[in-house]
There are 2 protein chains.
Amino acid sequence: MTDVQATIGGVSGFKVAGVACGIKRSGKRDLALIASEGPCTAAGVFTTNRVKAAPVLFDQAQLAKNAAGIRAVVTNSGVANACTGAQGMADAEATAVSTAKVLGCAPQDVLVLSTGVIGVPLPMDTLKRGIAAAAAALQPDGWADVAQAIMTTDTRPKLAAIRVETASGMVTIAGVAKGSGMIAPNMATMLAVIVTDAVLDAPLLQESLRAANGVSFNQIVVDGDMSTNDTVLLLANGVSGVQVTAGESLAAFQDGLTAVCTALAKDIVKDGEGMTRFITLRVTGAPDADAARQVAMTIATSPLVKTAFYGGDANWGRILAAAGRAGVPLEADRLALWFAPGEDNPADGLQLVAGGAPTDYREEDAAAIMAEGAVSVRLDLGLGDAASTVWTCDLSHEYVTINGHYRT
Amino acid sequence: MTDVQATIGGVSGFKVAGVACGIKRSGKRDLALIASEGPCTAAGVFTTNRVKAAPVLFDQAQLAKNAAGIRAVVTNSGVANACTGAQGMADAEATAVSTAKVLGCAPQDVLVLSTGVIGVPLPMDTLKRGIAAAAAALQPDGWADVAQAIMTTDTRPKLAAIRVETASGMVTIAGVAKGSGMIAPNMATMLAVIVTDAVLDAPLLQESLRAANGVSFNQIVVDGDMSTNDTVLLLANGVSGVQVTAGESLAAFQDGLTAVCTALAKDIVKDGEGMTRFITLRVTGAPDADAARQVAMTIATSPLVKTAFYGGDANWGRILAAAGRAGVPLEADRLALWFAPGEDNPADGLQLVAGGAPTDYREEDAAAIMAEGAVSVRLDLGLGDAASTVWTCDLSHEYVTINGHYRT
């Protein structure tokens with residue numbers, strides 16, 4: 001397996017485009033089209049929010065009917081098509097119909113994604129012009145434009161690609177994502193589309209995506225909110241002819257898919273709204289994996305923890321206090337805590353807490369670590385062998401500025 | 001029942017003092033003593049955080065042994081005595097011993113509260129000097145000093161008092177509170193001490209406090225964090241000779257206690273760290289009260305909702321999205337939402353959402369409401385008859401500033 005690249009040269013059999021059609025008032029790219037030359041097997045994971053946007057409901061229905069015949073994904077940014085009632089469902093359907101028409105496929109072959117402001121209807125005439133423009137611009141190496149066109153408050157495009165040597169041959173896996181706000185547990189709130197030229201049947205593809213998502217997009221937190229629109233789609237067009245089936249070839253594919261998803265997920269955190277510090281938070285010594293994740297997520301969403309990281313303050317008491325309210329049984333006098341510099345520091349670094357009370361660490365040593373742009377934190381519960389790693393960021397003035405005036 | 005007053009003239013049989021003894025580097029008042037001339041029945045509700053500060057554990061043990069013989073509450077601010085291990089428990093005990101000595105009672109008659117920075121040991125010599133100074137300054141009308149002395153990042157003292165005509169005679173109920181940061185569900189994170197001259201046995205007092213707390217301090221949110229130290233204490237010294245027992249006299253007492261607790265709870269939100277807008281959030285039409293509260297609390301802790309209120313942006317989509325992730329079954333197309341100006345607006349005001357989609361309300365009407373210093377929001381789930389009201393505030397730049405540099 002090669003390293004993950006942050007660019008996408010192309011994936012056999014896919015042509016893509018990202019254009020500006022006028023949905024965003026800024027005039028930036030706002031419509032992306034990903035088209036396969038032949039039918040793809042497809043998989044999706046979706047928001048667990050009870051308030052689901054129309055495209056989420058639409059795609060879930062499409063995949064239930066036609067998970068082996070998907071030809072395209074069309075995405076608009078600027079308007080989320082959420083809380084738009086029956087009109088929203090009709091608009092999602094009309095988007096698929098328009099896309100099918102320009103591509104020469106059937107409406108049931110098209111998946112639809114939207115991201116942006118909630119409660120505003122899609123400007124369908126503008127959108128349809130955008131679909132036509134994107135179809136005319138399709139090309140194998142248009143991925144940077146796609147990544148641009150799905151952005152909302154993201155400050156930079158997010159791409160990842162990898163070449164994977166499976167037991168049956170070489171395949172490519174590549175994807176784009178957008179995030180920035182509303183990044184939360186239970187499916188980090190964002191959009192991602194991942195494509196591959198491998199051959200996988202639809203159930204295996206779905207299982208593979210579910211597993212990769214569980215250790216990547218589901219382990220990131222920006223602000224703890226969860227959107228109505230989060231979706232990760234995975235399309236396999238099989239153009240490489242390389243069959244991936246349960247066993248050795250699947251293991252290699254799974255590793256590659258996880259690497260792409262993890263790279264995109266961490267990119268989303270690194271571009272979190274107003275973020276100034278990246279935090280890798282590992283909870284160990286938990287009685288089970290769910291408890292470990294619950295504690296990690298509670299810490300990662302704590303405004304007091306996040307503002308302390310913003311201020312560069314090693315206020316470890318807030319970490320213990322957040323752990324304590326996670327709803328998981330724990331014993332305060334077994335807690336141990338370490339800080340280390342860097343994004344993924346395997347060493348335990350500086351121990352701040354032992355047996356639930358502070359060690360005699362030097363405050364200047366903690367401050368030196370907190371001054372880094374990335375900090376690794378480990379909290380050990382002293383109760384078992386389970387662990388969970390989440391990636392998160394601080395909470396800054398800029399986050400408040402961005403979100404205080406998003407619509408206005 | 002009279003109206004709640006924001007000052008405390010005095011409560012028969014209690015003498016109090018608040019002094020500056022040097023725990024706070026600022027030189028502000030940091031030690032409060034509340035002493036009764038005779039033994040009190042006493043009740044307490046405490047943080048459900050699994051990481052409990054030493055004074056919480058200490059007071060729970062004291063109340064279990066001596067709930068009919070409490071003579072005093074001593075409180076320090078500046079240092080929380082949390083995550084301080086065995087030394088912390090010894091220091092809480094020593095604080096009670098010192099207080100008992102100067103008051104001429106037994107150590108088991110004293111309750112102890114601490115608030116401030118976590119993980120730092122109490123400066124016991126300083127604290128003991130403070131106890132002696134406070135004992136020398138005890139007076140019936142020192143409540144304003146007490147309220148000052150328990151503050152941390154609070155910008156103003158919080159006091160409430162009421163005179164209640166029960167079936168058996170007139171009693172006074174009065175209390176002080178501190179809050180500001182770490183205000184969260186499951187016992188809003190704060191300290192409060194309430195006293196009365198009524199006669200109540202300890203089990204009835206505990207039940208009365210539990211009920212009042214459930215509709216007041218437990219219904220406020222500043223940032224969703226929950227501290228290691230939250231405590232509400234209620235002491236009844238019986239000096240009025242007015243017996244409160246189950247039935248008519250209890251109902252009047254309960255109303256008065258709830259009024260005092262609610263006034264203090266709302267005061268805490270109004271002084272929330274960096275707050276600029278007060279929000280009364282009422283969820284109606286829920287299948288049961290727990291579901292209503294869960295939805296209300298999820299909305300009230302959402303950073304996206306809170307920053308939108310800070311920005312004066314009627315971004316109702318974020319309210320629906322937060323409701324959707326509350327973990328409660330709901331039907332998106334039954335949701336209805338109203339905004340009204342003012343802290344407690346009984347009218348439904350402007351309807352923004354009906355059937356899960358926006359009405360044709362005018363954005364300028366919504367903006368006019370959002371420009372108010374207090375906004376009443378009602379979300380109807382359309383599923384049942386249960387309701388819950390929570391009080392919360394916005395999330396501002398100033399919150400981030402305060403919490404980014406609390407220790408440093």
# chains A, B, ... in the order shown; residues from 1 in each chain; ligands from 1
call {"tool": "interface_residues", "arguments": {"of": "chain A", "to": "chain B", "cutoff": "8 Å", "atoms": "only C-alpha atoms", "output": "PyMOL selection string"}}
result
chain A and resi 48-52+83-85+117-119+182+223-228+302-304+307-313+315+317-318+320-325+329-333+355-358+395-397+400-401+403-408
call {"tool": "residues_around", "arguments": {"residues": "B:Gly169", "least_positions_apart": "6", "cutoff": "9 Å", "atoms": "only C-alpha atoms", "output": "MDAnalysis selection string"}}
result
chainID B and resid 240:243 249
call {"tool": "select_by_dssp", "arguments": {"residues": "stretch 158-377 of chain B", "states": "helix (DSSP H, G or I)", "output": "mmCIF file with C-alpha atoms, in the first residue's frame"}}
result
data_model
loop_
_atom_site.group_PDB
_atom_site.id
_atom_site.type_symbol
_atom_site.label_atom_id
_atom_site.label_comp_id
_atom_site.auth_asym_id
_atom_site.auth_seq_id
_atom_site.Cartn_x
_atom_site.Cartn_y
_atom_site.Cartn_z
ATOM 1 C CA ALA B 202 -34.814 16.284 57.604
ATOM 2 C CA PRO B 203 -36.524 13.796 55.248
ATOM 3 C CA LEU B 204 -39.228 16.326 54.340
ATOM 4 C CA LEU B 205 -36.576 19.005 53.844
ATOM 5 C CA GLN B 206 -34.636 16.712 51.521
ATOM 6 C CA GLU B 207 -37.728 15.881 49.486
ATOM 7 C CA SER B 208 -38.681 19.528 49.258
ATOM 8 C CA LEU B 209 -35.200 20.493 48.049
ATOM 9 C CA ARG B 210 -35.144 17.658 45.527
ATOM 10 C CA ALA B 211 -38.455 18.808 44.048
ATOM 11 C CA ALA B 212 -37.502 22.496 43.897
ATOM 12 C CA ASN B 213 -34.101 21.687 42.399
ATOM 13 C CA GLY B 214 -35.700 19.599 39.664
ATOM 14 C CA PHE B 217 -31.252 24.579 39.020
ATOM 15 C CA ASN B 218 -31.609 21.406 36.983
ATOM 16 C CA GLN B 219 -33.259 23.331 34.137
ATOM 17 C CA GLU B 248 -51.186 22.789 53.115
ATOM 18 C CA SER B 249 -48.218 24.268 54.937
ATOM 19 C CA LEU B 250 -45.806 22.188 52.859
ATOM 20 C CA ALA B 251 -47.436 23.344 49.613
ATOM 21 C CA ALA B 252 -46.883 26.991 50.539
ATOM 22 C CA PHE B 253 -43.319 26.305 51.676
ATOM 23 C CA GLN B 254 -42.615 24.362 48.493
ATOM 24 C CA ASP B 255 -43.875 27.217 46.337
ATOM 25 C CA GLY B 256 -41.651 29.642 48.203
ATOM 26 C CA LEU B 257 -38.597 27.402 47.996
ATOM 27 C CA THR B 258 -39.174 26.860 44.284
ATOM 28 C CA ALA B 259 -39.490 30.608 43.767
ATOM 29 C CA VAL B 260 -36.172 31.245 45.545
ATOM 30 C CA CYS B 261 -34.406 28.437 43.658
ATOM 31 C CA THR B 262 -35.821 29.578 40.314
ATOM 32 C CA ALA B 263 -34.808 33.192 40.914
ATOM 33 C CA LEU B 264 -31.255 32.112 41.785
ATOM 34 C CA ALA B 265 -31.112 29.685 38.841
ATOM 35 C CA LYS B 266 -32.199 32.319 36.327
ATOM 36 C CA ASP B 267 -29.767 34.773 37.888
ATOM 37 C CA ILE B 268 -26.987 32.287 37.218
ATOM 38 C CA VAL B 269 -27.903 32.116 33.533
ATOM 39 C CA LYS B 270 -28.212 35.902 33.312
ATOM 40 C CA ALA B 289 -41.430 14.784 30.328
ATOM 41 C CA ASP B 290 -38.049 13.097 29.989
ATOM 42 C CA ALA B 291 -38.198 13.350 26.207
ATOM 43 C CA ALA B 292 -39.218 17.001 26.432
ATOM 44 C CA ARG B 293 -36.306 17.782 28.741
ATOM 45 C CA GLN B 294 -33.844 15.796 26.630
ATOM 46 C CA VAL B 295 -34.780 17.739 23.500
ATOM 47 C CA ALA B 296 -34.694 21.063 25.355
ATOM 48 C CA MET B 297 -31.296 20.307 26.889
ATOM 49 C CA THR B 298 -29.806 19.212 23.562
ATOM 50 C CA ILE B 299 -30.913 22.455 21.928
ATOM 51 C CA ALA B 300 -29.720 24.496 24.902
ATOM 52 C CA THR B 301 -26.225 22.973 24.789
ATOM 53 C CA PRO B 303 -22.824 25.425 20.143
ATOM 54 C CA LEU B 304 -24.408 26.173 16.774
ATOM 55 C CA VAL B 305 -27.699 27.243 18.339
ATOM 56 C CA LYS B 306 -25.928 29.284 20.996
ATOM 57 C CA THR B 307 -23.649 31.090 18.553
ATOM 58 C CA ALA B 308 -26.629 31.879 16.300
ATOM 59 C CA PHE B 309 -28.364 33.537 19.263
ATOM 60 C CA TYR B 310 -25.167 35.456 19.940
ATOM 61 C CA GLY B 311 -25.175 36.679 16.347
ATOM 62 C CA TRP B 316 -34.134 28.005 13.285
ATOM 63 C CA GLY B 317 -32.690 25.139 11.223
ATOM 64 C CA ARG B 318 -30.045 24.648 13.894
ATOM 65 C CA ILE B 319 -32.766 24.296 16.532
ATOM 66 C CA LEU B 320 -34.500 21.586 14.499
ATOM 67 C CA ALA B 321 -31.172 19.873 13.778
ATOM 68 C CA ALA B 322 -30.298 19.843 17.481
ATOM 69 C CA ALA B 323 -33.722 18.448 18.346
ATOM 70 C CA GLY B 324 -33.170 15.736 15.778
ATOM 71 C CA ALA B 332 -39.606 15.951 11.507
ATOM 72 C CA ASP B 333 -42.790 16.897 9.668
ATOM 73 C CA ARG B 334 -44.697 17.536 12.904
ATOM 74 C CA GLU B 363 -37.140 37.652 8.239
ATOM 75 C CA GLU B 364 -37.262 41.198 9.615
ATOM 76 C CA ASP B 365 -39.896 40.168 12.163
ATOM 77 C CA ALA B 366 -37.654 37.349 13.361
ATOM 78 C CA ALA B 367 -34.670 39.704 13.441
ATOM 79 C CA ALA B 368 -36.631 42.173 15.555
ATOM 80 C CA ILE B 369 -37.280 39.481 18.171
ATOM 81 C CA MET B 370 -33.671 38.294 18.071
#
call {"tool": "residues_around", "arguments": {"residues": "stretch 125-139 of chain A", "least_positions_apart": "5", "cutoff": "12 Å", "atoms": "only C-alpha atoms", "output": "PyMOL selection string"}}
result
chain A and resi 9-25+29-37+72-79+91-92+94-104+112+114+144-146+149
call {"tool": "select_by_dssp", "arguments": {"residues": "stretch 32-235 of chain A", "states": "strand (DSSP E)", "output": "VMD selection string"}}
result
chain A and resid 32 to 46 70 to 79 110 to 117 158 to 166 169 to 178 191 to 196 220 to 221 231 to 235
call {"tool": "residues_around", "arguments": {"residues": "A:Gln60", "least_positions_apart": "6", "cutoff": "9 Å", "atoms": "only C-alpha atoms", "output": "list of chain:residue names"}}
result
A:Gly44, A:Val45, A:Phe46
call {"tool": "write_last_selection", "arguments": {"atoms": "N, CA and C atoms", "output": "CSV table (one decimal), in the first residue's frame"}}
result
chain,number,residue,atom,x,y,z
A,44,GLY,N,-23.6,3.6,1.3
A,44,GLY,CA,-23.7,4.9,2.0
A,44,GLY,C,-23.9,4.7,3.5
A,45,VAL,N,-23.3,5.7,4.2
A,45,VAL,CA,-23.7,5.8,5.6
A,45,VAL,C,-24.2,7.2,5.8
A,46,PHE,N,-25.2,7.3,6.6
A,46,PHE,CA,-26.0,8.6,6.7
A,46,PHE,C,-26.2,9.1,8.1
